[in-house]
$ cat run34.txt   # compact mmCIF, C-alpha atoms
# COMPACT_ATOMS: atom_id res chain seq x y z
CA MET A 1 0.00 0.00 0.00
CA THR A 2 0.99 3.62 -0.48
CA ILE A 3 0.49 6.49 1.90
CA LYS A 4 0.77 9.95 0.47
CA ILE A 5 1.07 13.11 2.53
CA LEU A 6 -0.07 16.21 0.71
CA GLY A 7 1.26 19.53 1.93
CA THR A 8 3.05 22.60 0.71
CA GLY A 9 5.81 22.38 3.29
CA CYS A 10 4.39 23.98 6.41
CA PRO A 11 5.37 22.81 9.92
CA LYS A 12 2.12 20.87 10.25
CA CYS A 13 2.86 18.93 7.08
CA LYS A 14 6.33 18.06 8.34
CA GLN A 15 4.89 16.81 11.64
CA THR A 16 2.46 14.66 9.68
CA VAL A 17 5.27 13.09 7.66
CA ASP A 18 7.18 12.32 10.86
CA ILE A 19 4.16 10.71 12.49
CA VAL A 20 3.36 8.58 9.45
CA ASN A 21 6.98 7.48 9.11
CA LYS A 22 7.10 6.50 12.79
CA ALA A 23 3.85 4.57 12.57
CA VAL A 24 5.04 2.71 9.49
CA ALA A 25 8.39 1.88 11.09
CA LYS A 26 6.69 0.65 14.23
CA LEU A 27 4.39 -1.70 12.35
CA GLY A 28 7.20 -2.80 10.07
CA ALA A 29 4.68 -3.14 7.25
CA ASP A 30 5.54 -2.92 3.59
CA ILE A 31 4.29 0.59 2.94
CA LYS A 32 5.50 3.28 0.63
CA VAL A 33 5.38 6.75 2.15
CA GLU A 34 5.37 9.56 -0.35
CA LYS A 35 5.35 13.30 0.15
CA VAL A 36 3.49 15.38 -2.41
CA GLU A 37 4.46 19.04 -2.41
CA ASP A 38 3.42 20.02 -5.89
CA ILE A 39 0.33 22.15 -5.52
CA ILE A 40 -1.01 21.10 -8.91
CA LYS A 41 -0.95 17.44 -7.86
CA ILE A 42 -2.41 18.29 -4.46
CA MET A 43 -5.39 19.99 -6.03
CA GLU A 44 -6.18 16.84 -8.00
CA TYR A 45 -7.40 15.34 -4.73
CA ASN A 46 -10.00 18.07 -4.40
CA VAL A 47 -8.93 19.21 -0.94
CA ILE A 48 -8.69 22.77 0.33
CA SER A 49 -6.93 22.45 3.64
CA THR A 50 -3.60 20.77 4.26
CA PRO A 51 -2.00 18.55 5.51
CA VAL A 52 -3.80 15.60 3.93
CA VAL A 53 -3.18 11.90 4.42
CA VAL A 54 -4.07 9.76 1.41
CA VAL A 55 -4.11 5.97 1.73
CA ASP A 56 -4.17 4.11 -1.58
CA GLU A 57 -5.54 7.14 -3.41
CA SER A 58 -8.38 7.79 -0.99
CA VAL A 59 -8.38 10.87 1.22
CA LYS A 60 -8.48 9.84 4.88
CA ILE A 61 -7.46 12.86 6.97
CA LYS A 62 -7.37 16.47 5.94
CA GLY A 63 -6.64 19.84 7.48
CA ARG A 64 -4.91 18.64 10.62
CA VAL A 65 -2.03 16.67 12.01
CA PRO A 66 -3.06 13.07 12.71
CA THR A 67 -2.13 11.05 15.80
CA MET A 68 0.05 7.95 15.77
CA SER A 69 -2.89 5.78 16.74
CA GLU A 70 -5.04 7.15 13.93
CA ILE A 71 -2.40 6.29 11.36
CA THR A 72 -1.84 2.87 12.90
CA ALA A 73 -5.58 2.21 12.73
CA LEU A 74 -5.72 3.36 9.11
CA ILE A 75 -2.89 1.03 8.15
CA GLN A 76 -4.38 -1.91 9.97
CA ALA A 77 -7.82 -1.30 8.53
CA SER A 78 -6.66 -1.72 4.97
CA MET B 1 -11.13 36.40 35.83
CA PHE B 2 -7.42 36.37 36.49
CA ASP B 3 -7.30 37.55 40.12
CA TRP B 4 -6.09 34.17 41.26
CA LEU B 5 -3.18 34.47 38.87
CA ILE B 6 -2.00 37.72 40.50
CA TYR B 7 -1.91 35.93 43.85
CA PHE B 8 -0.13 32.99 42.31
CA SER B 9 2.60 35.02 40.63
CA ASP B 10 3.09 37.17 43.74
CA TRP B 11 3.35 34.03 45.82
CA LEU B 12 5.81 32.46 43.39
CA ILE B 13 8.08 35.49 43.19
CA TYR B 14 7.92 36.87 46.75
CA ASP B 15 7.35 33.81 48.91
CA VAL B 16 9.03 31.04 46.96
CA SER B 17 11.91 32.93 45.36
CA GLY B 18 12.30 35.18 48.36
CA LEU B 19 12.59 38.47 46.47
CA SER B 20 11.48 41.41 48.55
CA GLU B 21 8.07 42.82 47.80
CA GLY B 22 8.18 46.12 45.92
CA SER B 23 11.70 45.64 44.63
CA ARG B 24 12.19 46.51 40.96
CA LEU B 25 13.24 43.03 39.92
CA GLY B 26 10.51 41.42 41.98
CA THR B 27 7.77 43.55 40.45
CA ALA B 28 9.06 42.93 36.93
CA LEU B 29 9.29 39.17 37.44
CA SER B 30 5.86 38.99 38.99
CA PHE B 31 4.41 40.83 35.98
CA PHE B 32 6.30 38.56 33.63
CA VAL B 33 4.96 35.36 35.20
CA TYR B 34 1.46 36.81 35.32
CA ASP B 35 1.45 37.92 31.67
CA VAL B 36 2.97 34.73 30.29
CA ILE B 37 0.53 32.42 32.08
CA LYS B 38 -2.47 34.63 31.32
CA ILE B 39 -1.71 34.76 27.61
CA LEU B 40 -1.04 31.04 27.38
CA ILE B 41 -4.41 30.32 29.01
CA LEU B 42 -6.20 32.74 26.67
CA LEU B 43 -4.43 31.35 23.63
CA PHE B 44 -5.36 27.81 24.56
CA LEU B 45 -9.01 28.74 25.16
CA ILE B 46 -9.36 30.69 21.90
CA SER B 47 -7.63 27.97 19.87
CA PHE B 48 -9.88 25.42 21.52
CA ILE B 49 -13.05 27.34 20.64
CA MET B 50 -11.85 27.84 17.07
CA GLY B 51 -11.08 24.12 16.92
CA ILE B 52 -14.67 23.28 17.87
CA VAL B 53 -16.04 25.71 15.27
CA ASN B 54 -13.79 24.18 12.67
CA VAL B 55 -14.96 20.63 13.36
CA TYR B 56 -18.58 21.64 12.87
CA PHE B 57 -18.01 24.11 10.10
CA PRO B 58 -15.06 23.11 7.96
CA VAL B 59 -14.07 25.16 4.91
CA GLU B 60 -15.71 22.65 2.57
CA LYS B 61 -19.11 23.46 4.06
CA LEU B 62 -18.38 27.14 3.82
CA ARG B 63 -17.51 26.82 0.17
CA ASN B 64 -20.71 24.98 -0.59
CA TYR B 65 -22.71 27.50 1.40
CA LEU B 66 -21.24 30.52 -0.38
CA ASN B 67 -21.66 28.79 -3.68
CA SER B 68 -25.22 27.61 -3.36
CA ARG B 69 -27.00 30.77 -2.25
CA LYS B 70 -27.73 34.22 -3.49
CA LEU B 71 -26.50 36.50 -0.75
CA TYR B 72 -26.89 39.96 -2.29
CA GLY B 73 -23.42 41.22 -1.45
CA LEU B 74 -23.41 39.77 2.05
CA GLU B 75 -21.18 36.98 0.80
CA TYR B 76 -18.18 39.29 1.20
CA LEU B 77 -19.00 39.84 4.87
CA PHE B 78 -19.70 36.13 5.48
CA SER B 79 -16.51 35.13 3.77
CA ALA B 80 -14.54 37.58 5.94
CA ILE B 81 -16.23 36.37 9.14
CA PHE B 82 -15.48 32.77 8.24
CA GLY B 83 -11.92 33.81 7.54
CA ALA B 84 -11.74 35.20 11.07
CA ILE B 85 -13.06 32.12 12.85
CA THR B 86 -11.12 29.49 10.96
CA PRO B 87 -7.57 28.87 12.07
CA PHE B 88 -5.11 30.03 9.48
CA CYS B 89 -1.87 28.61 8.22
CA SER B 90 -0.24 30.51 5.40
CA CYS B 91 0.60 27.28 3.58
CA SER B 92 -3.10 26.51 3.33
CA SER B 93 -3.76 29.75 1.49
CA VAL B 94 -3.00 28.39 -1.97
CA PRO B 95 -5.07 25.20 -1.80
CA LEU B 96 -7.82 27.27 -0.26
CA PHE B 97 -7.66 29.90 -2.94
CA ILE B 98 -7.90 27.31 -5.69
CA GLY B 99 -10.58 25.36 -3.87
CA PHE B 100 -12.69 28.49 -3.69
CA VAL B 101 -12.35 29.71 -7.26
CA GLN B 102 -12.74 26.16 -8.47
CA GLY B 103 -15.98 25.93 -6.55
CA GLY B 104 -17.30 28.87 -8.51
CA ILE B 105 -16.88 31.46 -5.76
CA PRO B 106 -16.11 34.90 -7.20
CA LEU B 107 -12.54 36.12 -6.90
CA GLY B 108 -13.52 39.08 -4.71
CA VAL B 109 -15.26 36.88 -2.15
CA THR B 110 -12.23 34.62 -2.07
CA PHE B 111 -10.06 37.66 -1.40
CA SER B 112 -12.30 38.65 1.53
CA PHE B 113 -11.49 35.32 3.13
CA LEU B 114 -7.83 35.57 2.25
CA ILE B 115 -7.46 39.06 3.75
CA THR B 116 -9.25 38.45 7.05
CA SER B 117 -8.01 34.94 7.73
CA PRO B 118 -4.46 35.89 8.74
CA LEU B 119 -5.47 39.30 10.19
CA VAL B 120 -7.87 37.91 12.77
CA ASN B 121 -6.19 34.78 14.04
CA GLU B 122 -6.12 33.02 17.39
CA ILE B 123 -2.66 34.27 18.31
CA ALA B 124 -3.41 37.94 17.61
CA LEU B 125 -6.72 37.72 19.48
CA ALA B 126 -5.27 36.01 22.55
CA LEU B 127 -2.41 38.50 22.78
CA PHE B 128 -4.64 41.52 22.28
CA LEU B 129 -7.07 40.22 24.87
CA GLY B 130 -4.26 39.68 27.36
CA MET B 131 -2.44 42.94 26.73
CA PHE B 132 -5.12 45.48 25.79
CA GLY B 133 -8.39 44.09 27.14
CA TRP B 134 -11.58 43.07 25.35
CA LYS B 135 -12.59 46.46 23.95
CA VAL B 136 -9.45 46.94 21.88
CA THR B 137 -9.59 43.26 20.88
CA LEU B 138 -13.15 43.68 19.64
CA ILE B 139 -12.19 46.80 17.68
CA TYR B 140 -9.29 44.90 16.19
CA ALA B 141 -11.43 41.92 15.17
CA ILE B 142 -14.23 44.04 13.69
CA THR B 143 -11.73 46.16 11.77
CA GLY B 144 -10.10 43.02 10.41
CA ILE B 145 -13.44 41.66 9.23
CA LEU B 146 -14.56 44.95 7.65
CA LEU B 147 -11.17 45.34 6.01
CA GLY B 148 -11.58 41.92 4.41
CA THR B 149 -15.17 42.68 3.38
CA PHE B 150 -14.39 45.95 1.62
CA GLY B 151 -10.97 44.91 0.38
CA GLY B 152 -12.50 41.84 -1.24
CA PHE B 153 -15.37 43.86 -2.67
CA ILE B 154 -13.02 46.35 -4.31
CA LEU B 155 -10.70 43.65 -5.61
CA GLY B 156 -13.75 41.89 -7.02
CA LYS B 157 -14.89 45.04 -8.79
CA LEU B 158 -11.47 45.48 -10.38
CA ASP B 159 -12.07 42.22 -12.24
CA LEU B 160 -8.58 40.78 -12.05
CA LYS B 161 -9.28 37.30 -13.43
CA ASP B 162 -6.87 37.79 -16.31
CA TRP B 163 -4.01 38.19 -13.89
CA LEU B 164 -4.29 34.72 -12.45
CA THR B 165 -1.64 32.23 -13.53
CA ASP B 166 -2.50 30.08 -16.52
CA TRP B 167 -3.05 26.79 -14.78
CA VAL B 168 -5.52 28.38 -12.36
CA LYS B 169 -7.46 29.64 -15.37
CA ASP B 170 -7.46 26.09 -16.70
CA ILE B 171 -8.86 24.81 -13.44
CA MET B 172 -11.55 27.47 -13.44
CA ALA B 173 -12.56 26.51 -16.95
CA LYS B 174 -13.10 22.88 -16.00
CA THR B 175 -16.43 21.85 -14.59
CA TYR B 176 -16.48 21.62 -10.89
CA GLU B 177 -17.26 18.35 -9.16
CA LYS B 178 -18.63 18.63 -5.71
CA GLY B 179 -15.99 17.79 -3.11
CA ASP B 180 -15.98 14.37 -1.54
CA THR B 181 -17.85 14.26 1.71
CA VAL B 182 -15.40 12.69 4.08
CA THR B 183 -16.34 15.21 6.74
CA ALA B 184 -20.05 14.60 6.37
CA ASP B 185 -19.95 11.66 8.78
CA SER B 186 -21.77 12.38 11.99
CA ILE B 187 -19.35 13.90 14.43
CA ASN B 188 -18.87 12.38 17.81
CA PHE B 189 -18.19 15.40 20.00
CA ILE B 190 -16.64 13.50 22.90
CA LYS B 191 -14.34 11.69 20.51
CA GLU B 192 -13.26 14.94 18.88
CA LEU B 193 -12.44 16.75 22.12
CA PRO B 194 -9.00 15.23 22.71
CA LEU B 195 -8.08 15.96 19.10
CA ILE B 196 -9.22 19.58 19.39
CA SER B 197 -7.36 20.16 22.64
CA ARG B 198 -4.26 18.52 21.22
CA GLU B 199 -4.41 20.85 18.23
CA ALA B 200 -4.89 23.88 20.54
CA TRP B 201 -1.92 22.73 22.60
CA HIS B 202 0.16 22.48 19.42
CA ILE B 203 -0.62 26.12 18.64
CA VAL B 204 0.34 27.19 22.16
CA LYS B 205 3.54 25.16 22.06
CA GLY B 206 4.48 26.59 18.67
CA VAL B 207 4.51 30.18 19.87
CA LEU B 208 5.48 29.63 23.51
CA LEU B 209 9.06 30.75 23.01
CA TYR B 210 8.08 33.88 21.07
CA ILE B 211 5.57 34.87 23.73
CA ILE B 212 8.17 34.48 26.48
CA ILE B 213 10.71 36.50 24.49
CA GLY B 214 8.17 39.19 23.62
CA ILE B 215 6.91 39.57 27.17
CA GLY B 216 10.51 39.52 28.39
CA ILE B 217 11.47 42.37 26.07
CA GLY B 218 8.27 44.18 27.01
CA ALA B 219 9.01 43.80 30.72
CA ALA B 220 12.56 45.07 30.26
CA MET B 221 11.37 48.07 28.24
CA HIS B 222 8.81 48.89 30.90
CA GLY B 223 11.66 49.50 33.29
CA TYR B 224 14.10 51.33 31.07
CA VAL B 225 12.25 53.35 28.44
CA PRO B 226 11.15 56.62 30.04
CA GLU B 227 7.45 57.32 30.34
CA ASN B 228 6.02 59.16 27.30
CA PHE B 229 9.30 58.65 25.48
CA PHE B 230 7.59 57.93 22.17
CA GLU B 231 5.03 60.63 22.57
CA GLN B 232 7.80 63.11 21.93
CA TYR B 233 8.68 61.48 18.65
CA LEU B 234 5.65 59.59 17.44
CA GLY B 235 2.68 60.83 19.42
CA GLY B 236 2.40 64.30 17.98
CA GLY B 237 0.23 63.17 15.11
CA GLN B 238 2.90 63.26 12.43
CA TRP B 239 1.28 61.93 9.29
CA TRP B 240 4.08 59.53 8.39
CA THR B 241 4.01 57.45 11.57
CA VAL B 242 1.17 55.15 10.46
CA PRO B 243 2.61 54.24 7.02
CA ALA B 244 6.06 53.91 8.56
CA ALA B 245 4.71 51.45 11.17
CA VAL B 246 2.99 49.47 8.42
CA ILE B 247 6.16 49.18 6.35
CA ILE B 248 8.41 48.30 9.28
CA ALA B 249 5.99 45.54 10.26
CA VAL B 250 6.06 43.66 6.94
CA PRO B 251 9.26 41.62 7.55
CA MET B 252 8.26 40.74 11.13
CA TYR B 253 5.84 38.04 10.10
CA ALA B 254 7.36 35.07 11.90
CA ASN B 255 7.34 36.74 15.27
CA ALA B 256 3.80 38.05 15.52
CA ALA B 257 3.51 36.46 18.95
CA ALA B 258 6.55 38.30 20.21
CA ILE B 259 5.46 41.64 18.83
CA VAL B 260 2.22 42.35 20.67
CA PRO B 261 3.79 42.58 24.16
CA VAL B 262 6.32 45.03 22.73
CA ILE B 263 3.55 47.04 21.05
CA GLN B 264 1.76 47.19 24.37
CA VAL B 265 4.78 48.83 25.98
CA LEU B 266 5.05 51.25 23.06
CA VAL B 267 1.42 52.24 23.61
CA VAL B 268 2.00 52.75 27.32
CA LYS B 269 5.01 54.91 26.51
CA GLY B 270 3.08 57.13 24.13
CA VAL B 271 2.60 55.52 20.70
CA PRO B 272 -1.00 56.11 19.57
CA LEU B 273 -3.20 53.00 19.60
CA GLY B 274 -4.20 53.36 15.93
CA THR B 275 -0.56 53.25 14.87
CA ALA B 276 -0.10 50.17 17.04
CA ILE B 277 -3.14 48.39 15.52
CA ALA B 278 -1.94 49.22 12.00
CA PHE B 279 1.45 47.81 12.91
CA MET B 280 -0.07 44.56 14.17
CA MET B 281 -2.31 44.16 11.13
CA SER B 282 0.60 44.69 8.81
CA THR B 283 2.70 42.13 10.69
CA VAL B 284 0.20 39.35 10.16
CA GLY B 285 -1.69 40.55 7.08
CA LEU B 286 1.11 41.49 4.72
CA SER B 287 3.49 38.61 4.97
CA LEU B 288 6.22 37.89 2.48
CA PRO B 289 6.01 34.11 2.95
CA GLU B 290 2.36 34.29 1.96
CA ALA B 291 3.20 36.37 -1.09
CA THR B 292 5.73 33.78 -2.20
CA LEU B 293 3.12 31.05 -1.93
CA LEU B 294 0.50 33.08 -3.74
CA LYS B 295 2.89 33.51 -6.65
CA LYS B 296 1.85 30.03 -7.73
CA VAL B 297 -1.70 31.15 -8.38
CA MET B 298 -1.39 34.85 -9.08
CA THR B 299 0.79 36.88 -11.37
CA PHE B 300 3.10 39.43 -9.83
CA LYS B 301 0.73 42.18 -10.95
CA LEU B 302 -2.20 40.64 -9.10
CA ILE B 303 -0.21 40.10 -5.91
CA SER B 304 0.93 43.73 -6.03
CA VAL B 305 -2.62 45.01 -6.41
CA PHE B 306 -3.80 42.67 -3.63
CA PHE B 307 -1.11 43.87 -1.23
CA LEU B 308 -1.57 47.48 -2.24
CA VAL B 309 -5.30 47.44 -1.51
CA VAL B 310 -4.74 45.76 1.86
CA THR B 311 -1.96 48.24 2.72
CA VAL B 312 -4.13 51.23 1.88
CA PHE B 313 -6.93 49.88 4.06
CA ILE B 314 -4.60 49.17 6.98
CA VAL B 315 -3.10 52.65 6.83
CA ALA B 316 -6.56 54.19 6.58
CA SER B 317 -7.82 52.32 9.62
CA GLY B 318 -4.69 53.35 11.52
CA TYR B 319 -5.46 57.02 10.84
CA LEU B 320 -9.10 56.50 11.72
CA PHE B 321 -8.30 54.98 15.11
CA ASN B 322 -5.80 57.70 15.92
CA LEU B 323 -8.56 60.21 15.29
CA VAL B 324 -11.33 58.36 17.12
CA LEU B 325 -9.66 56.62 20.05
$ encode --input "run34.txt" --output "structure tokens"
Amino acid sequence: MTIKILGTGCPKCKQTVDIVNKAVAKLGADIKVEKVEDIIKIMEYNVISTPVVVVDESVKIKGRVPTMSEITALIQAS
Amino acid sequence: MFDWLIYFSDWLIYDVSGLSEGSRLGTALSFFVYDVIKILILLFLISFIMGIVNVYFPVEKLRNYLNSRKLYGLEYLFSAIFGAITPFCSCSSVPLFIGFVQGGIPLGVTFSFLITSPLVNEIALALFLGMFGWKVTLIYAITGILLGTFGGFILGKLDLKDWLTDWVKDIMAKTYEKGDTVTADSINFIKELPLISREAWHIVKGVLLYIIIGIGIGAAMHGYVPENFFEQYLGGGQWWTVPAAVIIAVPMYANAAAIVPVIQVLVVKGVPLGTAIAFMMSTVGLSLPEATLLKKVMTFKLISVFFLVVTVFIVASGYLFNLVL
């Protein structure tokens, strides 16, 4: 599976990347984490507030920094 | 509301640290502790309230609301008010801008949101409330909202669509699909509370250092800058003080939290309140980082006009307050 983090590079987006990376490392799952900073690509997901967490092309969290447990739950759910 | 805090900071400084009551250092430290704690509490509360509003009224809903009704010009005011109550992060301004114009919202209305959102933010409100009291805070907030309303209206009338960058024009030309409704799930308030308070705590933590520095500088200036010092130079109603304050404030964006306590001292020492408000608005409203981000969606011409209109309005409200207050 692929997790994408959409964000233009604000502190909140960086926190989100850190949290996702930690969650992935902890679970040791085979997951690709990708950061999308290109605003044109971000807008393709039809979101207007960042950061956004996208799991396998579906928007899961937007406009705020997620918690570790949220990300863990998202990974385990799919 | 904060009486207990006076007792606490007096107790901490005089009883625990053993400084003698009435000494210069003791008084300054007691003020410092009092101000820091008071502002942190206010900032947390305001961020928390804004967090709740945001859960129930996210920007997606706002966009659909503005888009689906005829509001006879009130849409500028609504857009500005929503800009004030939603938390703002300058990096969200571009996605938001595109999301709005893509959703068919007129450029002017989008500008109303874009102007007010950074002007009236949780940090400015908490600091104003703590340092100047609720009346000045209210004046500040209302001015910010009106500034966005009229600024957006004028920018809308100028019809600047041609000055958007090409790919934004492409997006506008495409038909708009209604946004996905991830947030439409019923919201469990109790479940959201920890998330909201965590987010509020993040905001407080992010500016904690700046607030301490700002109040520290303010406290030091209280002791060493003579009373009415600035009145001699800036208080006499010289016409250039307001525009000068606005220009000086532009590069201070990152430290908005540190600036208000310093402004408060300047006011005490004789700088007129209108000049101080104009300074604050310019600090948060005319930020270079935001301009750099907006370059992706607007041509240089459009950004210049946008900033020029906002600047003129800020300067005008500075003059107005100096006359009225």
$ interface_residues --input "run34.txt" --of "chain B" --to "chain A" --cutoff "6 Å" --atoms "all atoms listed in the file" --output "ChimeraX atom specification"
/B:91-92,95-96,99
$ residues_around --input "run34.txt" --residues "region 21-35 of chain A" --least-positions-apart "5" --cutoff "7 Å" --atoms "only C-alpha atoms" --output "list in words"
Met1, Thr2, Ile3, Lys4, Ile5, Leu6, Met68, Ile71 and Thr72 of chain A
$ residues_around --input "run34.txt" --residues "Glu199 (chain B)" --least-positions-apart "3" --cutoff "10 Å" --atoms "all atoms listed in the file" --output "PDB file with C-alpha atoms, in the frame of the given file"
ATOM      1  CA  ARG A  64      -4.910  18.640  10.620  1.00  0.00           C
ATOM      2  CA  VAL A  65      -2.030  16.670  12.010  1.00  0.00           C
ATOM      3  CA  PRO A  66      -3.060  13.070  12.710  1.00  0.00           C
TER       4      PRO A  66
ATOM      5  CA  PHE B  44      -5.360  27.810  24.560  1.00  0.00           C
ATOM      6  CA  SER B  47      -7.630  27.970  19.870  1.00  0.00           C
ATOM      7  CA  PHE B  48      -9.880  25.420  21.520  1.00  0.00           C
ATOM      8  CA  GLY B  51     -11.080  24.120  16.920  1.00  0.00           C
ATOM      9  CA  LEU B 193     -12.440  16.750  22.120  1.00  0.00           C
ATOM     10  CA  PRO B 194      -9.000  15.230  22.710  1.00  0.00           C
ATOM     11  CA  LEU B 195      -8.080  15.960  19.100  1.00  0.00           C
ATOM     12  CA  ILE B 196      -9.220  19.580  19.390  1.00  0.00           C
ATOM     13  CA  HIS B 202       0.160  22.480  19.420  1.00  0.00           C
ATOM     14  CA  ILE B 203      -0.620  26.120  18.640  1.00  0.00           C
ATOM     15  CA  VAL B 204       0.340  27.190  22.160  1.00  0.00           C
ATOM     16  CA  LYS B 205       3.540  25.160  22.060  1.00  0.00           C
TER      17      LYS B 205
END
$ atom_distance --input "run34.txt" --atom1 "CA of Phe32 (chain B)" --atom2 "CA of Ser287 (chain B)"
28.8 Å
$ atom_distance --input "run34.txt" --atom1 "CA of Asn322 (chain B)" --atom2 "CA of Thr275 (chain B)"
7.0 Å
$ atom_distance --input "run34.txt" --atom1 "CA of Leu266 (chain B)" --atom2 "CA of Ile213 (chain B)"
15.9 Å
$ residues_around --input "run34.txt" --residues "Thr311 (chain B)" --least-positions-apart "6" --cutoff "9 Å" --atoms "only C-alpha atoms" --output "PyMOL selection string"
chain B and resi 243+246-247+282+285-286
$ residues_around --input "run34.txt" --residues "Val53 (chain B)" --least-positions-apart "2" --cutoff "12 Å" --atoms "only C-alpha atoms" --output "number ranges by chain"
B: 46-51, 55-59, 61-62, 82-87, 189, 192-193, 196
$ residues_around --input "run34.txt" --residues "Leu12 (chain B)" --least-positions-apart "2" --cutoff "12 Å" --atoms "only C-alpha atoms" --output "PyMOL selection string"
chain B and resi 5-10+14-21+26-27+29-34
$ axis_aligned_box --input "run34.txt" --around "region 45-58 of chain A" --padding-each-side "4 Å" --output "AutoDock Vina command-line options"
--center_x -6.0 --center_y 13.4 --center_z 0.4 --size_x 16.0 --size_y 26.7 --size_z 18.2
$ decode --input "run34.txt" --residues "region 3-46 of chain A" --atoms "C-alpha atoms" --output "CSV table (one decimal), in the first residue's frame"
chain,number,residue,atom,x,y,z
A,3,ILE,CA,0.5,6.5,1.9
A,4,LYS,CA,0.8,10.0,0.5
A,5,ILE,CA,1.1,13.1,2.5
A,6,LEU,CA,-0.1,16.2,0.7
A,7,GLY,CA,1.3,19.5,1.9
A,8,THR,CA,3.1,22.6,0.7
A,9,GLY,CA,5.8,22.4,3.3
A,10,CYS,CA,4.4,24.0,6.4
A,11,PRO,CA,5.4,22.8,9.9
A,12,LYS,CA,2.1,20.9,10.2
A,13,CYS,CA,2.9,18.9,7.1
A,14,LYS,CA,6.3,18.1,8.3
A,15,GLN,CA,4.9,16.8,11.6
A,16,THR,CA,2.5,14.7,9.7
A,17,VAL,CA,5.3,13.1,7.7
A,18,ASP,CA,7.2,12.3,10.9
A,19,ILE,CA,4.2,10.7,12.5
A,20,VAL,CA,3.4,8.6,9.5
A,21,ASN,CA,7.0,7.5,9.1
A,22,LYS,CA,7.1,6.5,12.8
A,23,ALA,CA,3.9,4.6,12.6
A,24,VAL,CA,5.0,2.7,9.5
A,25,ALA,CA,8.4,1.9,11.1
A,26,LYS,CA,6.7,0.6,14.2
A,27,LEU,CA,4.4,-1.7,12.3
A,28,GLY,CA,7.2,-2.8,10.1
A,29,ALA,CA,4.7,-3.1,7.3
A,30,ASP,CA,5.5,-2.9,3.6
A,31,ILE,CA,4.3,0.6,2.9
A,32,LYS,CA,5.5,3.3,0.6
A,33,VAL,CA,5.4,6.8,2.1
A,34,GLU,CA,5.4,9.6,-0.3
A,35,LYS,CA,5.3,13.3,0.2
A,36,VAL,CA,3.5,15.4,-2.4
A,37,GLU,CA,4.5,19.0,-2.4
A,38,ASP,CA,3.4,20.0,-5.9
A,39,ILE,CA,0.3,22.2,-5.5
A,40,ILE,CA,-1.0,21.1,-8.9
A,41,LYS,CA,-1.0,17.4,-7.9
A,42,ILE,CA,-2.4,18.3,-4.5
A,43,MET,CA,-5.4,20.0,-6.0
A,44,GLU,CA,-6.2,16.8,-8.0
A,45,TYR,CA,-7.4,15.3,-4.7
A,46,ASN,CA,-10.0,18.1,-4.4
